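Colleague: Structure supplied as structure-v5.txt; contents: compact mmCIF, C-alpha atoms.
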```
# COMPACT_ATOMS: atom_id res chain seq x y z
CA MET A 1 110.84 262.27 124.03
CA PHE A 2 113.84 259.94 124.20
CA ALA A 3 114.61 256.39 123.09
CA TYR A 4 117.56 254.66 124.78
CA PHE A 5 119.30 251.91 122.81
CA LEU A 6 121.39 249.87 125.25
CA ASP A 7 124.06 247.64 123.75
CA ASP A 8 123.77 243.97 124.71
CA TRP A 9 127.05 243.87 126.63
CA THR A 10 125.94 246.64 129.02
CA ALA A 11 123.86 243.95 130.81
CA HIS A 12 127.11 242.41 132.08
CA LYS A 13 127.59 242.74 135.83
CA ARG A 14 130.85 244.62 135.16
CA TYR A 15 128.82 247.61 134.00
CA ALA A 16 125.97 247.24 136.53
CA ARG A 17 127.13 250.15 138.68
CA GLU A 18 127.43 252.52 135.69
CA VAL A 19 123.98 251.55 134.37
CA ASP A 20 122.44 252.03 137.85
CA SER A 21 123.95 255.49 138.25
CA LEU A 22 122.74 256.36 134.76
CA ASP A 23 119.18 255.23 135.61
CA LEU A 24 119.25 257.30 138.77
CA LEU A 25 120.41 260.44 136.97
CA LEU A 26 117.85 260.04 134.19
CA THR A 27 115.06 259.67 136.78
CA GLN A 28 116.26 262.71 138.73
CA HIS A 29 116.24 264.85 135.59
CA GLY A 30 112.94 263.48 134.37
CA ILE A 31 114.18 262.35 130.98
CA ILE A 32 113.17 258.71 131.07
CA GLY A 33 112.09 257.30 127.73
CA ARG A 34 111.67 254.07 125.83
CA ARG A 35 114.40 251.49 126.53
CA LEU A 36 115.50 249.00 123.92
CA ARG A 37 118.24 246.41 124.31
CA LEU A 38 120.29 245.61 121.22
CA GLY A 39 120.48 241.83 121.26
CA ARG A 40 122.06 239.80 118.50
CA LEU A 41 118.71 239.09 116.87
CA HIS A 42 117.30 242.52 117.46
CA ASP A 43 116.21 244.39 114.34
CA LEU A 44 117.62 247.84 115.03
CA ASP A 45 116.33 249.37 111.78
CA ALA A 46 112.73 248.36 112.57
CA SER A 47 112.98 249.64 116.16
CA ALA A 48 114.36 252.99 114.98
CA ARG A 49 111.55 253.29 112.44
CA ASP A 50 108.94 252.49 115.13
CA CYS A 51 110.38 255.07 117.50
CA ALA A 52 110.45 257.76 114.81
CA ALA A 53 106.84 256.94 113.87
CA SER A 54 105.75 257.26 117.49
CA GLY A 55 107.12 260.80 117.72
CA ILE A 56 110.49 260.19 119.37
CA ARG A 57 113.00 262.80 118.26
CA THR A 58 116.12 261.96 120.31
CA PHE A 59 117.84 258.61 119.85
CA VAL A 60 120.37 257.82 122.56
CA ALA A 61 123.09 255.20 122.07
CA VAL A 62 124.01 253.76 125.48
CA GLY A 63 127.40 252.07 125.08
CA ASN A 64 130.60 252.84 123.21
CA ASP A 65 131.64 254.01 119.73
CA GLY A 66 130.41 250.77 118.16
CA THR A 67 126.92 251.25 119.61
CA ALA A 68 126.74 254.82 118.32
CA SER A 69 127.91 253.69 114.89
CA LYS A 70 125.19 250.99 114.70
CA LEU A 71 122.47 253.44 115.66
CA LEU A 72 123.80 256.05 113.23
CA ASN A 73 123.33 253.72 110.27
CA SER A 74 119.78 252.81 111.32
CA LEU A 75 118.88 256.47 111.77
CA LEU A 76 120.22 257.43 108.36
CA LYS A 77 118.15 254.69 106.73
CA ILE A 78 115.01 256.50 107.88
CA ASP A 79 114.29 259.10 105.22
CA TRP A 80 114.79 262.43 106.93
CA ARG A 81 116.98 265.47 106.72
CA PRO A 82 118.11 267.70 109.56
CA GLY A 83 116.56 271.11 109.57
CA GLU A 84 113.28 270.09 107.96
CA LYS A 85 110.28 271.16 109.96
CA GLY A 86 109.05 268.43 112.27
CA ARG A 87 111.71 265.99 111.13
CA SER A 88 114.66 266.65 113.34
CA LEU A 89 115.81 263.28 114.64
CA ALA A 90 118.90 263.77 116.79
CA LEU A 91 121.49 261.29 117.99
CA ALA A 92 123.06 261.39 121.45
CA VAL A 93 125.58 259.16 123.20
CA LEU A 94 125.63 257.98 126.82
CA PRO A 95 129.08 256.50 127.48
CA ILE A 96 129.44 253.11 129.15
CA GLY A 97 132.62 251.06 128.88
CA GLU A 98 135.81 251.83 126.95
CA GLU A 99 136.35 253.34 123.46
CA GLN A 100 134.50 256.62 123.91
CA LYS A 101 136.01 258.86 121.22
CA ILE A 102 132.61 259.86 119.79
CA ALA A 103 131.15 260.68 123.22
CA SER A 104 134.23 262.78 124.06
CA CYS A 105 133.95 264.73 120.81
CA LEU A 106 130.27 265.45 121.50
CA GLY A 107 131.04 266.72 125.01
CA SER A 108 129.57 263.67 126.77
CA ALA A 109 132.72 262.05 128.07
CA THR A 110 131.24 261.05 131.45
CA ILE A 111 127.74 259.94 132.45
CA PRO A 112 126.88 263.16 134.37
CA GLU A 113 128.10 265.29 131.45
CA ALA A 114 126.12 263.19 129.00
CA VAL A 115 122.93 263.53 131.07
CA GLN A 116 123.41 267.30 131.24
CA THR A 117 123.87 267.29 127.46
CA LEU A 118 120.59 265.41 127.05
CA VAL A 119 118.76 267.84 129.34
CA GLY A 120 120.06 270.83 127.35
CA ARG A 121 119.35 269.14 123.99
CA ARG A 122 121.48 271.58 122.00
CA THR A 123 121.78 270.15 118.51
CA GLU A 124 124.32 270.63 115.71
CA SER A 125 124.32 269.11 112.25
CA ILE A 126 127.59 267.42 111.28
CA ASP A 127 129.11 265.74 108.25
CA VAL A 128 129.06 261.97 108.11
CA GLY A 129 131.65 259.80 106.42
CA LYS A 130 130.97 256.86 104.13
CA LEU A 131 133.34 253.92 103.75
CA ASN A 132 132.31 251.55 100.94
CA ASN A 133 128.72 252.83 101.20
CA ARG A 134 128.33 252.38 104.96
CA HIS A 135 128.09 255.42 107.23
CA TYR A 136 130.53 256.18 110.02
CA PHE A 137 131.17 259.05 112.34
CA MET A 138 134.73 258.65 111.11
CA THR A 139 136.21 260.36 114.06
CA LEU A 140 139.19 258.17 113.42
CA ALA A 141 139.28 255.76 110.51
CA THR A 142 142.77 254.34 110.84
CA PHE A 143 144.32 252.46 107.96
CA PRO A 144 147.35 250.21 108.30
CA PRO A 145 150.75 251.08 106.81
CA LYS A 146 151.55 250.30 103.15
CA VAL A 147 148.48 252.02 101.74
CA SER A 148 148.35 254.89 99.27
CA LEU A 149 145.70 257.54 98.82
CA GLY A 150 144.07 258.13 95.44
CA PHE A 151 142.51 261.55 94.92
CA LEU A 152 140.75 262.75 91.79
CA SER A 153 143.83 263.78 89.81
CA TYR A 154 146.75 262.70 91.96
CA THR A 155 147.97 259.98 94.29
CA VAL A 156 149.80 260.22 97.59
CA ASN A 157 152.32 257.49 98.40
CA LEU A 158 153.88 256.99 101.81
CA LEU A 159 157.66 256.85 101.71
CA ASP A 160 157.95 255.17 105.09
CA ASP A 161 156.13 252.02 106.28
CA GLU A 162 156.11 253.31 109.85
CA HIS A 163 153.54 255.95 109.01
CA GLN A 164 149.81 255.53 109.37
CA VAL A 165 146.87 257.07 107.52
CA HIS A 166 143.85 258.40 109.40
CA ILE A 167 140.74 259.85 107.84
CA CYS A 168 138.69 261.96 110.18
CA ASN A 169 136.14 264.75 110.21
CA ILE A 170 136.30 265.48 113.92
CA ASN A 171 139.34 266.57 115.91
CA ALA A 172 140.07 263.19 117.39
CA PHE A 173 143.76 263.93 117.84
CA ASN A 174 142.99 266.34 120.66
CA LEU A 175 144.93 269.07 118.87
CA LYS A 176 142.60 272.00 119.48
CA SER A 177 145.33 273.81 121.35
CA ASP A 178 147.71 273.51 118.39
CA ARG A 179 147.26 276.69 116.34
CA ARG A 180 148.49 275.05 113.15
CA TYR A 181 145.43 272.83 112.90
CA GLN A 182 142.71 275.19 114.11
CA LYS A 183 141.15 275.44 110.66
CA SER A 184 141.33 271.70 110.03
CA PHE A 185 139.09 269.03 111.54
CA ASN A 186 135.86 270.98 111.28
CA PRO A 187 132.94 268.49 111.12
CA GLN A 188 130.68 271.07 109.51
CA ASP A 189 132.81 272.21 106.54
CA GLY A 190 131.80 269.45 104.11
CA THR A 191 135.30 267.99 103.88
CA PHE A 192 137.28 265.43 105.82
CA GLU A 193 140.99 265.34 106.46
CA ALA A 194 143.28 262.55 105.36
CA VAL A 195 146.11 262.72 107.87
CA VAL A 196 149.47 260.96 107.71
CA THR A 197 150.91 260.50 111.18
CA ARG A 198 154.05 259.14 112.75
CA ARG A 199 154.40 257.62 116.18
CA PRO A 200 157.77 258.72 117.54
CA LEU A 201 159.67 256.07 119.45
CA ALA A 202 160.02 257.05 123.07
CA VAL A 203 162.58 255.44 125.30
CA GLY A 204 162.83 255.40 129.10
CA TRP A 205 161.18 258.26 130.96
CA LYS A 206 160.10 259.84 127.67
CA LYS A 207 157.68 256.91 127.32
CA LEU A 208 155.70 258.24 130.25
CA PHE A 209 156.08 261.98 130.01
CA SER A 210 156.62 262.94 126.36
CA LYS A 211 154.16 265.47 124.93
CA GLU A 212 153.40 263.23 121.94
CA ARG A 213 152.26 260.46 124.23
CA GLN A 214 149.97 262.80 126.08
CA ALA A 215 148.42 263.90 122.80
CA GLY A 216 147.61 260.32 121.82
CA GLY A 217 151.10 259.46 120.63
CA TYR A 218 150.60 260.76 117.10
CA GLN A 219 152.63 263.41 115.34
CA ILE A 220 150.85 264.86 112.33
CA GLU A 221 153.03 265.17 109.22
CA SER A 222 150.62 265.63 106.31
CA VAL A 223 147.05 266.86 106.00
CA PHE A 224 144.89 266.60 102.86
CA PRO A 225 141.38 268.06 103.11
CA HIS A 226 139.10 266.41 100.55
CA GLN A 227 135.60 265.14 99.81
CA LYS A 228 136.39 261.83 98.13
CA ILE A 229 139.40 259.56 98.55
CA THR A 230 140.18 256.05 97.39
CA VAL A 231 142.47 254.13 99.71
CA LEU A 232 144.57 251.64 97.74
CA SER A 233 146.46 248.74 99.24
CA ARG A 234 148.69 245.89 98.18
CA GLU A 235 146.53 243.54 100.28
CA LYS A 236 143.05 242.34 99.19
CA THR A 237 141.43 243.28 102.48
CA ILE A 238 142.25 246.15 104.80
CA THR A 239 141.63 246.11 108.52
CA VAL A 240 140.22 249.51 109.31
CA VAL A 241 139.40 251.06 112.65
CA ALA A 242 136.32 253.15 111.83
CA ASP A 243 134.20 253.65 114.97
CA ALA A 244 135.08 249.99 115.64
CA GLU A 245 137.52 247.54 114.04
CA LYS A 246 136.39 245.92 110.81
CA GLN A 247 137.70 244.35 107.59
CA LEU A 248 136.99 246.04 104.28
CA THR A 249 137.78 244.98 100.73
CA ALA A 250 140.40 247.11 98.98
CA PRO A 251 140.17 249.64 97.42
CA VAL A 252 138.15 251.52 100.04
CA GLU A 253 136.06 254.42 98.75
CA VAL A 254 135.78 257.19 101.33
CA GLU A 255 133.21 259.95 100.86
CA ILE A 256 131.66 262.67 102.97
CA GLU A 257 127.99 263.60 103.19
CA PRO A 258 127.76 267.21 104.37
CA ARG A 259 125.55 268.03 107.38
CA LYS A 260 123.76 264.72 107.17
CA LEU A 261 123.40 264.01 110.89
CA LEU A 262 121.93 265.96 113.79
CA VAL A 263 123.76 265.30 117.08
CA VAL A 264 123.12 266.47 120.64
CA VAL A 265 126.23 268.25 121.90
CA GLY A 266 127.33 269.32 125.35
CA ALA A 267 129.24 272.33 126.60
CA GLY A 268 132.63 270.62 126.32
CA ASN A 269 132.19 269.43 122.75
CA ASN A 270 135.17 269.20 120.43
CA LEU A 271 133.39 270.25 117.23
CA MET B 272 148.46 283.81 105.52
CA PHE B 273 151.08 286.44 104.86
CA THR B 274 151.76 289.09 107.46
CA LYS B 275 154.46 291.65 107.86
CA ASP B 276 156.81 290.68 110.62
CA LYS B 277 158.11 293.67 112.54
CA ASN B 278 161.03 291.70 113.93
CA GLN B 279 162.19 290.74 110.45
CA GLY B 280 162.20 294.26 109.10
CA GLY B 281 158.79 294.12 107.49
CA ARG B 282 159.48 290.95 105.46
CA LEU B 283 156.62 288.72 104.42
CA ARG B 284 156.06 285.84 106.81
CA MET B 285 153.67 282.91 106.44
CA GLU B 286 151.63 281.95 109.47
CA ASP B 287 151.68 278.22 110.06
CA ARG B 288 148.25 278.06 111.62
CA GLU B 289 146.45 278.81 108.38
CA ASN B 290 147.87 275.94 106.33
CA GLU B 291 145.10 273.79 105.02
CA THR B 292 147.02 271.19 103.01
CA ILE B 293 150.32 269.96 104.38
CA ILE B 294 152.45 267.70 102.18
CA GLY B 295 154.78 266.30 104.83
CA PRO B 296 158.33 265.01 104.44
CA SER B 297 157.17 261.38 104.46
CA VAL B 298 154.89 261.53 101.42
CA LYS B 299 155.25 261.73 97.66
CA VAL B 300 152.49 263.32 95.59
CA GLU B 301 152.23 262.24 91.94
CA GLY B 302 149.87 263.81 89.42
CA ASP B 303 148.07 267.10 89.08
CA PHE B 304 147.71 268.48 92.57
CA THR B 305 145.06 271.20 92.84
CA SER B 306 143.82 273.03 95.92
CA ASP B 307 141.63 275.99 96.80
CA GLY B 308 143.44 276.78 100.03
CA ASN B 309 146.93 277.30 101.35
CA VAL B 310 149.55 274.62 100.76
CA LEU B 311 152.70 273.81 102.71
CA VAL B 312 155.16 271.48 100.96
CA GLN B 313 157.83 269.61 102.91
CA GLY B 314 157.96 266.41 100.82
CA LEU B 315 158.08 265.40 97.15
CA VAL B 316 155.74 266.51 94.37
CA ASN B 317 155.87 265.25 90.76
CA GLY B 318 153.49 266.53 88.10
CA SER B 319 151.88 269.92 88.60
CA LEU B 320 150.93 271.97 91.65
CA ARG B 321 148.17 274.58 91.47
CA THR B 322 146.52 276.44 94.28
CA LYS B 323 144.20 279.43 94.52
CA GLY B 324 145.69 280.18 97.92
CA ASN B 325 149.25 280.65 99.09
CA LEU B 326 152.16 278.27 98.80
CA LYS B 327 155.11 277.65 101.07
CA VAL B 328 157.91 275.31 100.01
CA GLU B 329 160.09 274.36 102.98
CA VAL B 330 163.76 273.41 103.10
CA GLY B 331 164.11 269.78 102.01
CA ALA B 332 161.06 269.82 99.74
CA LYS B 333 161.59 268.70 96.13
CA ILE B 334 159.09 269.70 93.48
CA LYS B 335 159.37 268.51 89.88
CA ALA B 336 156.33 270.29 88.59
CA SER B 337 154.95 273.50 87.18
CA VAL B 338 153.74 275.63 90.06
CA GLU B 339 150.89 278.15 90.22
CA ALA B 340 149.76 280.09 93.29
CA THR B 341 148.64 283.51 94.50
CA ASN B 342 151.57 284.15 96.85
CA ALA B 343 154.57 281.94 97.53
CA ILE B 344 157.59 281.52 99.75
CA ILE B 345 160.20 279.13 98.36
CA ARG B 346 163.01 277.65 100.40
CA GLY B 347 163.25 274.20 98.79
CA GLN B 348 163.99 272.85 95.30
CA ILE B 349 161.72 273.38 92.31
CA LYS B 350 162.28 272.02 88.79
CA GLY B 351 159.61 273.57 86.62
CA ASN B 352 158.01 276.87 85.71
CA ILE B 353 156.63 279.05 88.48
CA ALA B 354 153.69 281.43 87.97
CA ILE B 355 152.73 283.52 91.00
CA GLN B 356 149.91 286.05 90.74
CA GLU B 357 150.99 288.40 93.53
CA SER B 358 154.26 288.14 95.46
CA LEU B 359 157.07 285.61 95.45
CA GLU B 360 159.78 285.31 98.09
CA ILE B 361 162.77 283.13 97.28
CA GLY B 362 164.80 282.19 100.33
CA GLU B 363 168.55 281.66 100.58
CA THR B 364 168.23 277.85 100.51
CA ALA B 365 166.01 277.81 97.41
CA MET B 366 167.02 276.16 94.11
CA VAL B 367 164.82 276.96 91.13
CA GLU B 368 165.30 275.45 87.66
CA GLY B 369 162.65 276.99 85.45
CA ASP B 370 161.06 280.24 84.39
CA ILE B 371 159.47 282.56 86.91
CA ALA B 372 156.55 284.92 86.29
CA THR B 373 155.22 287.11 89.08
CA LYS B 374 154.18 290.63 90.06
CA ILE B 375 156.49 291.22 93.05
CA ILE B 376 159.66 289.27 93.75
CA SER B 377 162.27 289.20 96.49
CA ILE B 378 165.36 287.02 96.23
CA ALA B 379 167.59 286.33 99.21
CA PRO B 380 171.38 286.16 98.73
CA GLY B 381 172.45 282.56 98.18
CA ALA B 382 169.36 281.50 96.23
CA VAL B 383 170.06 279.57 93.01
CA ILE B 384 167.92 280.36 89.96
CA ASN B 385 168.38 278.87 86.48
CA GLY B 386 165.78 280.29 84.13
CA HIS B 387 164.09 283.40 82.85
CA CYS B 388 162.42 285.77 85.23
CA LEU B 389 159.50 288.02 84.27
CA VAL B 390 158.36 290.52 86.87
CA SER B 391 155.49 292.65 85.60
CA PRO B 392 153.11 294.73 87.68
CA ALA B 393 150.07 294.03 85.48
CA GLU B 394 147.88 290.91 85.52
CA ARG B 395 150.16 289.31 82.93
CA ALA B 396 151.99 287.24 85.51
CA GLY B 397 149.03 284.89 85.94
CA GLN B 398 148.16 284.79 82.26
CA ASP B 399 151.65 283.92 81.08
CA SER B 400 151.89 280.98 83.42
CA ALA B 401 151.72 278.27 80.77
CA GLU B 402 154.33 279.80 78.54
CA PRO B 403 157.93 280.42 79.45
CA ALA B 404 158.70 284.00 80.23
CA ALA B 405 159.96 286.07 77.34
CA VAL B 406 163.35 287.67 77.56
CA GLN B 407 163.60 291.09 76.01
CA LYS B 408 166.76 291.57 74.05
CA PRO B 409 168.49 294.89 74.54
CA ALA B 410 167.72 297.26 71.69
CA GLY B 411 170.83 297.54 69.54
CA PRO B 412 171.71 300.26 67.01
CA ARG B 413 169.50 300.17 63.93
CA GLU B 414 171.12 299.27 60.66
CA ARG B 415 171.14 302.11 58.26
CA PRO B 416 170.38 301.44 54.62
```
Give the structure from this file in structure tokens form.
Modeller:
Amino acid sequence: MFAYFLDDWTAHKRYAREVDSLDLLLTQHGIIGRRLRLGRLHDLDASARDCAASGIRTFVAVGNDGTASKLLNSLLKIDWRPGEKGRSLALAVLPIGEEQKIASCLGSATIPEAVQTLVGRRTESIDVGKLNNRHYFMTLATFPPKVSLGFLSYTVNLLDDEHQVHICNINAFNLKSDRRYQKSFNPQDGTFEAVVTRRPLAVGWKKLFSKERQAGGYQIESVFPHQKITVLSREKTITVVADAEKQLTAPVEVEIEPRKLLVVVGAGNNL
Amino acid sequence: MFTKDKNQGGRLRMEDRENETIIGPSVKVEGDFTSDGNVLVQGLVNGSLRTKGNLKVEVGAKIKASVEATNAIIRGQIKGNIAIQESLEIGETAMVEGDIATKIISIAPGAVINGHCLVSPAERAGQDSAEPAAVQKPAGPRERP
């Protein structure tokens, strides 16, 4: 049985066509379930608890990365562990709107793909990141320049302000074809990667056709696989893009919780 | 990580795809760096560098630290003692200021080394890492009473 958590903004007429096509596909495949709309005053934790108590095992976030992130935190508050008998709550994503990095990684980049993923209900357990004690998929936690990384016994300082720090446990850089990073970015290995990237300046035609731009514009320079990192900054607060943009107080403690979350993945997943 | 390259006459070659930690040219690592996997250094390291895997130091890298690894290829600058458990390849662009202890060594022409070098086939290479390598003096004629 499924529970669909629709973000509030999906009610906007701009997304009406996408929501209609989604309804049609769900009806055709016979996977209609409980529908809940995430309004501003809606208690998501209580709804998730109710759904789990009533025997629902698949929680579907209908929206973007922010919606999936909200639902993830509510799911993890319910005391359960993947793999335990009869307690296998799984999270799926149905993409509507922009910012769909999580859906793409799970092989649900488009609505038809996502519906097929739900029908198949193939699950995988993945690591989940924690930033200052809140859970994130952490496909791409991007920190601004002028930060340094504190590991257990050493620190990493950036020599150039143009560089950016990303912390990710999923291959969000779309670098699967690059043989150098095949062993990195595995969301099931119990570690995440702190990546220092550079955005090369492209001029003229290179702006449109350069390989770096096609790969998201980032060029990876350093990779540090780890389980716990402290991100230090000269500023008191750091604006971080982790699932969605937010402000966090420095220093930011980043941890990984191995195989904490069960997700529904499609054929084209990036795990 | 290391394979024999037929094109290069059977020399040891490190495959890029298996690097787990990459210290790029834009970062500076300070402190005791430890890793269980392979490490590629292109930037600056101050302190100590230890890995249970293999180490590759690229041209342009500057390490001011004691270095320990299983296998290593060095083409950059290292100021500090080097202890390699298996094989060490020092490239023509390498500059090493410190003592070296390893089991197998190959040094390319043009490499600069200032320090003692201990190459022993036994497990001693790893054990002697903390101490500078001993230099055996040539046995001179014994003094007769």
Colleague: Measuring atom to atom with all atoms listed in the file, identify which of A:Glu99, A:Asp43, A:Glu253, A:Asp8 is nearest to Leu232 of chain A.
Modeller: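 Selected residue with least distance to Leu232 of chain A: A:Glu253.
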Colleague: Please provide the set of residues having any atom within 7 Å of segment 350-358 of chain B, restricted to only C-alpha atoms, with same-chain residues fewer than 4 positions apart removed, written as an NGL selection string.
Modeller: :B and (334-343 or 367-376 or 396-397 or 400)
Colleague: May I ask you to extract the residues of chain A within 6 Å of chain B, using all atoms listed in the file, and to give them as a ChimeraX atom specification?
Modeller: /A:153-159,179-180,221-224
Colleague: So how many Å separate atom CA of Ala114 of chain A and atom CA of Glu245 of chain A, to one decimal?
Modeller: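 Here the two named atoms are 24.5 Å from each other.
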Colleague: At a cut-off of 7 Å, using only C-alpha atoms, what residues contact Phe151 of chain A? Leave out same-chain residues fewer than 5 positions from it and give the result as a list in words.
Modeller: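 Non-adjacent residues within range: Lys228, Ile229 and Thr230 of chain A.
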Colleague: To one decimal in Å, tell me the separation between atom CA of Thr237 of chain A and atom CA of Gln164 of chain A.
Modeller: 16.4 Å
Colleague: Which distance in Å separates atom CA of Val383 of chain B and atom CA of Asn325 of chain B, to one decimal?
Modeller: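 We find that atom CA of Val383 of chain B and atom CA of Asn325 of chain B lie 21.7 Å from each other.
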Colleague: Find, counting all atoms listed in the file, the residue in A:Leu36, A:Ala92, A:Ile78, A:Ile111 that gets nearest to Arg17 of chain A.
Modeller: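 The closest residue to Arg17 of chain A is A:Ile111.
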